[in-house]
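Enquirer: Pasting work_9.txt here (compact mmCIF, C-alpha atoms and all ligand atoms):
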# COMPACT_ATOMS: atom_id res chain seq x y z
CA MET A 1 -89.26 -35.51 -77.53
CA ILE A 2 -89.06 -36.71 -73.90
CA ARG A 3 -87.87 -33.23 -72.90
CA MET A 4 -90.89 -31.72 -74.78
CA GLN A 5 -93.27 -34.04 -72.84
CA GLN A 6 -91.58 -33.14 -69.53
CA TYR A 7 -91.88 -29.45 -70.41
CA SER A 8 -95.62 -29.56 -71.24
CA GLY A 9 -96.21 -31.70 -68.11
CA THR A 10 -94.54 -29.05 -65.94
CA LEU A 11 -96.47 -26.29 -67.74
CA LEU A 12 -99.75 -28.11 -67.08
CA ALA A 13 -98.87 -28.53 -63.38
CA VAL A 14 -97.97 -24.83 -63.08
CA CYS A 15 -101.28 -23.87 -64.74
CA ILE A 16 -103.30 -26.07 -62.37
CA VAL A 17 -101.53 -24.63 -59.30
CA LEU A 18 -102.11 -21.10 -60.63
CA MET A 19 -105.80 -21.78 -61.24
CA PHE A 20 -106.24 -23.07 -57.68
CA THR A 21 -104.33 -20.10 -56.22
CA ILE A 22 -106.42 -17.55 -58.13
CA GLN A 23 -109.63 -19.33 -57.17
CA SER A 24 -108.81 -19.51 -53.47
CA CYS A 25 -107.62 -15.87 -53.45
CA THR A 26 -110.93 -14.82 -54.98
CA GLN A 27 -112.80 -16.83 -52.38
CA MET A 28 -110.76 -15.24 -49.59
CA ASP A 29 -111.49 -11.78 -50.98
CA LYS A 30 -115.17 -12.57 -51.23
CA LYS A 31 -115.23 -13.79 -47.65
CA ASP A 32 -113.34 -10.82 -46.22
CA ASN A 33 -114.65 -8.12 -48.55
CA PRO A 34 -117.84 -9.39 -50.12
CA VAL A 35 -118.53 -6.18 -52.03
CA LYS A 36 -115.02 -5.60 -53.38
CA GLY A 37 -114.74 -4.25 -56.93
CA SER A 38 -115.00 -0.93 -58.71
CA ASN A 39 -118.77 -1.25 -59.23
CA ALA A 40 -119.48 -2.38 -55.70
CA PRO A 41 -122.00 -0.35 -53.71
CA TYR A 42 -120.77 2.26 -51.28
CA ALA A 43 -122.45 3.64 -48.17
CA MET A 44 -121.98 6.28 -45.54
CA VAL A 45 -123.65 6.79 -42.16
CA ILE A 46 -123.22 9.73 -39.78
CA HIS A 47 -124.36 10.97 -36.39
CA GLY A 48 -124.33 14.39 -34.78
CA GLY A 49 -124.84 13.23 -31.21
CA ALA A 50 -127.54 11.61 -29.10
CA GLY A 51 -129.22 13.04 -26.03
CA THR A 52 -132.34 14.28 -24.34
CA LEU A 53 -133.58 16.04 -27.46
CA LEU A 54 -137.10 17.23 -26.79
CA LYS A 55 -139.23 17.39 -29.91
CA ASP A 56 -141.49 20.19 -28.68
CA LYS A 57 -138.55 22.24 -27.33
CA MET A 58 -136.88 22.40 -30.75
CA THR A 59 -138.01 25.18 -33.08
CA GLU A 60 -138.78 24.43 -36.73
CA GLN A 61 -135.77 26.57 -37.63
CA GLN A 62 -133.47 24.49 -35.41
CA LYS A 63 -134.76 21.26 -36.94
CA THR A 64 -134.28 22.65 -40.45
CA ASP A 65 -130.73 23.77 -39.62
CA TYR A 66 -129.74 20.34 -38.31
CA ILE A 67 -131.37 18.43 -41.18
CA LYS A 68 -129.65 20.74 -43.66
CA ALA A 69 -126.25 20.29 -42.01
CA LEU A 70 -126.62 16.49 -41.85
CA ASN A 71 -127.54 16.37 -45.54
CA ALA A 72 -124.63 18.61 -46.48
CA ALA A 73 -122.26 16.37 -44.50
CA LEU A 74 -123.61 13.25 -46.23
CA ASP A 75 -123.23 14.97 -49.63
CA ILE A 76 -119.51 15.44 -48.98
CA GLY A 77 -118.87 11.78 -48.15
CA GLU A 78 -121.15 10.53 -50.89
CA ARG A 79 -119.38 12.53 -53.58
CA ILE A 80 -116.00 11.12 -52.55
CA LEU A 81 -117.29 7.53 -52.43
CA ALA A 82 -119.25 7.78 -55.70
CA ASP A 83 -116.11 9.05 -57.46
CA GLY A 84 -114.23 5.98 -56.26
CA GLY A 85 -112.47 7.74 -53.38
CA THR A 86 -111.47 6.00 -50.16
CA SER A 87 -113.59 5.60 -47.06
CA LEU A 88 -110.70 7.25 -45.17
CA ASP A 89 -111.10 10.47 -47.21
CA ALA A 90 -114.89 10.27 -47.01
CA VAL A 91 -114.90 9.96 -43.21
CA GLU A 92 -112.26 12.65 -42.64
CA ASN A 93 -113.89 15.21 -44.94
CA THR A 94 -117.43 14.56 -43.73
CA ILE A 95 -116.34 14.97 -40.11
CA ARG A 96 -114.34 18.10 -40.98
CA TYR A 97 -117.54 19.66 -42.31
CA MET A 98 -119.39 18.84 -39.09
CA GLU A 99 -116.46 20.13 -37.01
CA ASP A 100 -116.60 23.45 -38.89
CA SER A 101 -120.31 23.82 -38.11
CA PRO A 102 -121.16 25.53 -34.79
CA LEU A 103 -124.22 23.25 -34.52
CA PHE A 104 -122.26 20.21 -33.34
CA ASN A 105 -120.17 19.58 -30.25
CA ALA A 106 -116.92 19.11 -32.17
CA GLY A 107 -114.35 21.53 -33.61
CA LYS A 108 -115.92 25.01 -33.89
CA GLY A 109 -118.97 24.11 -31.78
CA ALA A 110 -117.05 22.28 -29.02
CA VAL A 111 -118.42 22.65 -25.50
CA PHE A 112 -116.49 24.37 -22.68
CA THR A 113 -114.68 22.78 -19.79
CA ASN A 114 -115.17 23.96 -16.21
CA ALA A 115 -112.13 26.20 -16.69
CA GLY A 116 -113.71 27.87 -19.72
CA THR A 117 -111.43 26.17 -22.25
CA ASN A 118 -112.13 23.73 -25.09
CA GLU A 119 -110.56 20.26 -24.98
CA MET A 120 -111.33 18.09 -27.96
CA ASP A 121 -110.96 14.36 -28.64
CA ALA A 122 -111.07 12.46 -31.95
CA SER A 123 -110.21 9.09 -33.47
CA ILE A 124 -110.24 7.28 -36.79
CA MET A 125 -109.79 3.58 -37.64
CA ILE A 126 -109.33 1.58 -40.84
CA GLY A 127 -111.16 -1.76 -41.08
CA SER A 128 -108.84 -3.45 -43.56
CA ASP A 129 -105.71 -3.56 -41.36
CA LEU A 130 -107.02 -2.25 -38.00
CA GLN A 131 -104.71 0.77 -38.14
CA ALA A 132 -105.93 3.62 -35.95
CA GLY A 133 -105.08 7.15 -34.83
CA ALA A 134 -106.45 9.26 -31.98
CA ILE A 135 -105.90 12.54 -30.17
CA GLY A 136 -107.23 13.65 -26.80
CA GLY A 137 -107.53 16.93 -24.89
CA VAL A 138 -106.38 19.21 -27.71
CA GLY A 139 -107.28 22.90 -27.72
CA ARG A 140 -105.68 24.33 -30.86
CA ILE A 141 -106.25 21.82 -33.68
CA LYS A 142 -108.93 23.30 -35.96
CA ASN A 143 -110.09 19.91 -37.20
CA PRO A 144 -109.28 17.27 -34.58
CA ILE A 145 -110.22 14.42 -36.96
CA SER A 146 -107.33 15.45 -39.23
CA GLY A 147 -105.03 15.36 -36.19
CA ALA A 148 -106.21 11.80 -35.53
CA ARG A 149 -105.56 10.88 -39.18
CA ALA A 150 -102.05 12.33 -38.94
CA VAL A 151 -101.34 10.08 -35.94
CA LEU A 152 -102.65 7.10 -37.93
CA GLU A 153 -100.65 7.83 -41.07
CA HIS A 154 -97.46 9.46 -39.85
CA SER A 155 -96.61 7.93 -36.49
CA GLU A 156 -95.99 4.55 -34.95
CA HIS A 157 -98.49 5.36 -32.18
CA VAL A 158 -102.24 5.11 -31.81
CA MET A 159 -102.94 7.97 -29.40
CA MET A 160 -101.42 11.34 -28.49
CA VAL A 161 -102.78 13.90 -26.05
CA GLY A 162 -102.54 17.59 -25.17
CA ILE A 163 -99.66 19.79 -26.22
CA GLY A 164 -97.71 16.82 -27.56
CA ALA A 165 -100.53 15.98 -29.95
CA GLU A 166 -100.73 19.62 -31.06
CA THR A 167 -96.97 19.81 -31.67
CA PHE A 168 -97.08 16.59 -33.69
CA ALA A 169 -100.10 17.77 -35.71
CA GLU A 170 -98.40 21.08 -36.53
CA ARG A 171 -95.33 19.21 -37.80
CA GLN A 172 -97.63 17.22 -40.09
CA ASN A 173 -99.09 20.47 -41.49
CA VAL A 174 -102.44 20.04 -39.75
CA THR A 175 -103.95 23.51 -39.22
CA LEU A 176 -103.67 24.98 -35.71
CA VAL A 177 -105.74 27.99 -34.62
CA ASP A 178 -105.81 30.32 -31.65
CA SER A 179 -108.02 28.88 -28.93
CA SER A 180 -110.43 31.86 -29.32
CA TYR A 181 -111.57 30.29 -32.63
CA PHE A 182 -113.62 27.79 -30.62
CA PHE A 183 -115.66 30.41 -28.75
CA THR A 184 -119.41 30.27 -29.43
CA GLN A 185 -121.91 32.19 -27.34
CA ARG A 186 -124.33 29.25 -27.20
CA ARG A 187 -121.78 26.88 -25.66
CA TRP A 188 -120.52 29.59 -23.30
CA ASP A 189 -124.05 30.23 -22.07
CA SER A 190 -124.56 26.48 -21.54
CA LEU A 191 -121.48 26.38 -19.33
CA GLN A 192 -122.70 29.34 -17.27
CA ARG A 193 -126.16 27.76 -16.88
CA ILE A 194 -124.69 24.45 -15.76
CA LYS A 195 -122.22 26.09 -13.36
CA ASN A 196 -124.96 28.23 -11.81
CA LYS A 197 -127.02 25.14 -11.20
CA GLU A 198 -124.21 22.91 -10.02
CA THR A 199 -125.59 22.81 -6.51
CA THR A 200 -129.19 22.34 -7.61
CA GLU A 201 -130.70 19.68 -9.80
CA LEU A 202 -130.12 19.95 -13.54
CA SER A 203 -133.18 20.12 -15.75
CA GLU A 204 -133.63 18.01 -18.90
CA SER A 205 -132.57 20.88 -21.13
CA ASP A 206 -129.41 21.43 -19.07
CA ASP A 207 -128.69 17.76 -19.55
CA LEU A 208 -129.21 18.29 -23.27
CA ASP A 209 -126.68 21.12 -23.21
CA LYS A 210 -124.28 18.99 -21.28
CA LYS A 211 -123.81 16.00 -23.51
CA HIS A 212 -124.98 15.98 -27.05
CA GLY A 213 -123.55 16.93 -30.39
CA THR A 214 -120.55 14.65 -30.79
CA VAL A 215 -120.08 13.76 -34.46
CA GLY A 216 -119.18 10.50 -36.15
CA ALA A 217 -119.05 8.88 -39.57
CA VAL A 218 -118.60 5.39 -40.96
CA ALA A 219 -118.03 4.75 -44.66
CA LEU A 220 -117.75 1.74 -46.96
CA ASP A 221 -115.92 2.48 -50.21
CA LYS A 222 -116.11 0.72 -53.57
CA GLU A 223 -113.07 -1.37 -52.62
CA GLY A 224 -115.01 -2.81 -49.70
CA ASN A 225 -113.00 -0.99 -47.02
CA ILE A 226 -114.71 0.32 -43.90
CA VAL A 227 -113.44 3.37 -41.96
CA ALA A 228 -114.98 4.82 -38.78
CA GLY A 229 -114.27 8.15 -37.10
CA THR A 230 -115.55 10.20 -34.15
CA SER A 231 -114.89 13.77 -32.96
CA THR A 232 -116.10 15.62 -29.88
CA GLY A 233 -115.67 18.48 -27.45
CA GLY A 234 -116.64 16.01 -24.71
CA MET A 235 -119.00 17.00 -21.92
CA THR A 236 -119.73 20.58 -20.83
CA ASN A 237 -118.13 21.55 -17.50
CA LYS A 238 -115.69 18.61 -17.56
CA ARG A 239 -112.64 18.95 -15.29
CA TYR A 240 -109.20 17.53 -14.69
CA ASN A 241 -108.46 16.89 -18.39
CA ARG A 242 -111.21 14.30 -18.49
CA ILE A 243 -111.16 12.30 -21.72
CA GLY A 244 -114.25 10.44 -22.92
CA ASP A 245 -114.83 7.44 -25.16
CA SER A 246 -114.60 9.22 -28.52
CA PRO A 247 -110.81 8.96 -28.94
CA ILE A 248 -110.61 5.48 -27.42
CA ILE A 249 -110.40 2.72 -30.01
CA GLY A 250 -112.89 0.01 -29.12
CA ALA A 251 -114.98 2.36 -26.97
CA GLY A 252 -116.15 5.27 -29.16
CA THR A 253 -114.78 4.09 -32.50
CA TYR A 254 -114.04 0.73 -34.12
CA ALA A 255 -113.71 -0.66 -37.64
CA ASN A 256 -113.08 -4.15 -38.94
CA ASN A 257 -113.78 -5.19 -42.54
CA LYS A 258 -114.76 -8.65 -41.30
CA THR A 259 -117.70 -7.21 -39.35
CA CYS A 260 -118.52 -3.49 -39.33
CA GLY A 261 -117.51 0.07 -38.53
CA VAL A 262 -118.94 1.81 -35.45
CA SER A 263 -118.98 5.36 -34.08
CA CYS A 264 -120.64 6.01 -30.72
CA THR A 265 -122.08 8.97 -28.87
CA GLY A 266 -123.35 9.24 -25.33
CA HIS A 267 -122.17 9.09 -21.73
CA GLY A 268 -118.51 8.35 -22.40
CA GLU A 269 -117.61 6.74 -19.08
CA PHE A 270 -120.04 3.88 -19.74
CA PHE A 271 -118.91 3.51 -23.35
CA ILE A 272 -115.32 3.14 -22.17
CA ARG A 273 -116.09 0.58 -19.46
CA TYR A 274 -118.31 -1.49 -21.74
CA ALA A 275 -115.96 -1.18 -24.76
CA VAL A 276 -119.12 -0.48 -26.73
CA ALA A 277 -117.84 -0.07 -30.30
CA HIS A 278 -115.75 -3.23 -30.09
CA ASP A 279 -118.55 -5.07 -28.33
CA ILE A 280 -120.92 -4.42 -31.24
CA SER A 281 -118.31 -5.75 -33.68
CA SER A 282 -117.66 -8.79 -31.48
CA VAL A 283 -121.35 -9.66 -31.24
CA MET A 284 -121.40 -9.74 -35.04
CA GLU A 285 -118.15 -11.68 -35.29
CA TYR A 286 -118.97 -14.37 -32.73
CA THR A 287 -122.70 -14.81 -33.24
CA GLY A 288 -123.25 -13.85 -36.88
CA ALA A 289 -125.73 -11.18 -35.77
CA SER A 290 -126.73 -8.43 -38.22
CA VAL A 291 -125.91 -4.74 -37.62
CA VAL A 292 -129.46 -4.19 -36.40
CA GLU A 293 -129.39 -7.15 -34.00
CA ALA A 294 -125.94 -6.29 -32.61
CA GLY A 295 -126.85 -2.60 -32.17
CA ASP A 296 -130.11 -3.46 -30.51
CA LEU A 297 -128.47 -5.90 -28.10
CA VAL A 298 -125.71 -3.54 -26.99
CA ILE A 299 -127.40 -0.09 -27.10
CA ASN A 300 -131.05 -0.87 -26.40
CA ASN A 301 -130.58 -3.71 -23.94
CA LYS A 302 -127.17 -3.95 -22.31
CA LEU A 303 -126.56 -0.18 -21.96
CA LYS A 304 -130.17 0.84 -21.39
CA ASP A 305 -130.43 -1.63 -18.51
CA ILE A 306 -127.61 0.09 -16.64
CA GLY A 307 -128.78 3.64 -17.37
CA ALA A 308 -126.05 4.38 -19.92
CA THR A 309 -127.49 6.89 -22.39
CA GLY A 310 -126.35 7.17 -25.98
CA GLY A 311 -126.34 5.66 -29.41
CA ALA A 312 -124.18 4.37 -32.25
CA ILE A 313 -124.00 4.21 -36.01
CA ILE A 314 -123.05 0.85 -37.50
CA LEU A 315 -122.22 -0.08 -41.11
CA ASP A 316 -121.27 -3.57 -42.28
CA ASN A 317 -119.21 -4.75 -45.23
CA LYS A 318 -122.28 -5.16 -47.44
CA GLY A 319 -123.59 -1.64 -46.81
CA ASN A 320 -126.21 -2.56 -44.19
CA VAL A 321 -126.81 0.27 -41.73
CA ALA A 322 -128.11 0.51 -38.14
CA MET A 323 -128.48 3.69 -36.06
CA PRO A 324 -129.67 2.55 -32.58
CA PHE A 325 -130.05 4.97 -29.65
CA ASN A 326 -131.66 4.73 -26.23
CA THR A 327 -132.22 8.49 -25.78
CA SER A 328 -135.15 10.53 -27.07
CA GLY A 329 -133.24 11.54 -30.17
CA MET A 330 -130.03 11.25 -32.17
CA TYR A 331 -129.00 13.44 -35.10
CA ARG A 332 -128.30 10.85 -37.76
CA GLY A 333 -128.46 9.83 -41.40
CA TYR A 334 -127.11 7.56 -44.08
CA THR A 335 -126.70 7.54 -47.81
CA LYS A 336 -126.14 4.81 -50.39
CA PRO A 337 -126.87 4.68 -54.12
CA GLY A 338 -130.55 5.60 -54.53
CA GLU A 339 -131.24 5.86 -50.81
CA ARG A 340 -130.96 8.73 -48.29
CA VAL A 341 -132.34 8.94 -44.75
CA VAL A 342 -131.86 11.84 -42.28
CA LYS A 343 -133.61 11.88 -38.90
CA ILE A 344 -133.49 13.40 -35.42
CA PHE A 345 -136.25 11.68 -33.45
CA GLU A 346 -137.66 8.16 -33.41
CA ASP A 347 -139.83 8.41 -36.54
N1 LIG B 401 -119.23 10.49 -25.82
C1 LIG B 401 -118.84 11.85 -25.62
C2 LIG B 401 -118.01 11.94 -24.37
O1 LIG B 401 -118.37 11.32 -23.37
C3 LIG B 401 -119.99 12.80 -25.51
C4 LIG B 401 -121.09 12.61 -26.51
O2 LIG B 401 -121.04 11.71 -27.31
O3 LIG B 401 -122.03 13.40 -26.50
O4 LIG B 401 -117.05 12.66 -24.36
What would you get if you wrote out this structure as structure tokens?
Ligand code: ASP
Expert:
Amino acid sequence: MIRMQQYSGTLLAVCIVLMFTIQSCTQMDKKDNPVKGSNAPYAMVIHGGAGTLLKDKMTEQQKTDYIKALNAALDIGERILADGGTSLDAVENTIRYMEDSPLFNAGKGAVFTNAGTNEMDASIMIGSDLQAGAIGGVGRIKNPISGARAVLEHSEHVMMVGIGAETFAERQNVTLVDSSYFFTQRRWDSLQRIKNKETTELSESDDLDKKHGTVGAVALDKEGNIVAGTSTGGMTNKRYNRIGDSPIIGAGTYANNKTCGVSCTGHGEFFIRYAVAHDISSVMEYTGASVVEAGDLVINNKLKDIGATGGAIILDNKGNVAMPFNTSGMYRGYTKPGERVVKIFED
């Protein structure tokens, strides 16, 4: 009888401890991943570069082509997320689509270096455990974002560059192509125009040719995980194996489930020195600012004040989106259940 009482007493104690553990775990989950669960909302935001995009210099056909490509890219990520796929797959596949399009300065449409080659940079980061992968200065990886993912998933490193990165990617079955794959007449002509004018002043449209078209994506999946990725050909006419902000974690790309995911585009040197992507996340973490407030503070105030041109896409763990830029335009868009926005200029 006494043993029976002792037994039910122990059972009761175990049950109470279990109840408390389950409750506090649920609270922790809610705090870290407020939208966790299979029916939680998902969201995806993308950019195709910011720059001196002049509304009246763009033909209707060009506008239509970009809007179409941005929508098609969003469709890819949305399908994956709606089916319960991961934000990692959504970001990689959406960026792959944009890399395959000659419209954007990434993958197929990458700009040329001063030497007439293509050197591409890319990075990807997971917000749940802050794992990241990046590659810089690669010339033969068809989809640099997949090279970055291979570094994330199959190495103990965060960043690889040049031939080493290509060798590693090939060993991980990432597709390599001959460097001639990246030739596009439009980008070649831009290089020639910029080189011819090197000694004179560059016009606004030369500037446009020089630094816009980088692509980026941030996704929130139904499990509440945020992933951010960025891919670029860098800046036209770059020399000396220059690497920009896009493959640098904390500068061009950052993701943290506690705050947000960020992908940047713009004048890379400033984005590196001001650790822009991480700065946006930190503003949210330390001040409780929203995505809109943090983006506005960093892109439209801090960077604008020092003449650093560019923009960012930001997505938080509840699906809130911000797409700030301090240039005349940024190819951008987002999608979430029942909502889709795609824009180039301010309105
Ligand atoms: N941030 C890129 C770089 O500096 C260029 C861009 O986003 O347009 O390489």
Enquirer: For Ala275 of chain A, list every protein, DNA or RNA residue within 12 Å, evaluated using only C-alpha atoms, and leave out those in the same chain fewer than 5 positions away; present the list as a VMD selection string.
Expert: chain A and resid 244 to 246 248 to 254 262 to 264 268 to 270 280 to 283 298 to 299 302 to 303
Enquirer: Which residue, A:Val215, A:Gly147, A:Asp121, A:Met330, has the smallest gap to Ala73 of chain A when you use all atoms listed in the file?
Expert: A:Val215
Enquirer: To one decimal in Å, tell me the separation between atom CA of Thr259 of chain A and atom CA of Lys304 of chain A.
Expert: 23.3 Å
Enquirer: In terms of the shortest atom-to-atom distance over only C-alpha atoms, which of A:Pro102, A:Lys258, A:Ile344, A:Ser146 is closest to Tyr286 of chain A?
Expert: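 Counting only C-alpha atoms, the residue closest to Tyr286 of chain A is A:Lys258.
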Enquirer: Calculate how many Å separate atom CA of Ala106 of chain A from atom CA of Glu78 of chain A, rounding to one decimal.
Expert: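 Between atom CA of Ala106 of chain A and atom CA of Glu78 of chain A the gap works out to 21.0 Å.
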Enquirer: Give me the chain A side of the contact with ligand LIG 401 (chain B), cut-off 6 Å, one line per residue showing its nearest atom pair and distance in Å at one decimal, counting all atoms listed in the file, sorted by chain and residue number, as a Markdown table.
Expert:
| residue | atom | partner | partner_atom | distance |
| --- | --- | --- | --- | --- |
| A:Gly49 | CA | B:LIG401 | O3 | 5.5 |
| A:Lys211 | CA | B:LIG401 | O3 | 4.3 |
| A:His212 | CA | B:LIG401 | O3 | 4.0 |
| A:Gly213 | CA | B:LIG401 | O3 | 5.5 |
| A:Thr214 | CA | B:LIG401 | O2 | 4.6 |
| A:Gly234 | CA | B:LIG401 | O4 | 3.4 |
| A:Met235 | CA | B:LIG401 | O4 | 5.3 |
| A:Gly244 | CA | B:LIG401 | O4 | 3.9 |
| A:Asp245 | CA | B:LIG401 | N1 | 5.4 |
| A:Ser246 | CA | B:LIG401 | N1 | 5.5 |
| A:Thr265 | CA | B:LIG401 | O2 | 3.3 |
| A:Gly266 | CA | B:LIG401 | O2 | 3.9 |
| A:His267 | CA | B:LIG401 | O1 | 4.7 |
| A:Gly268 | CA | B:LIG401 | O1 | 3.1 |
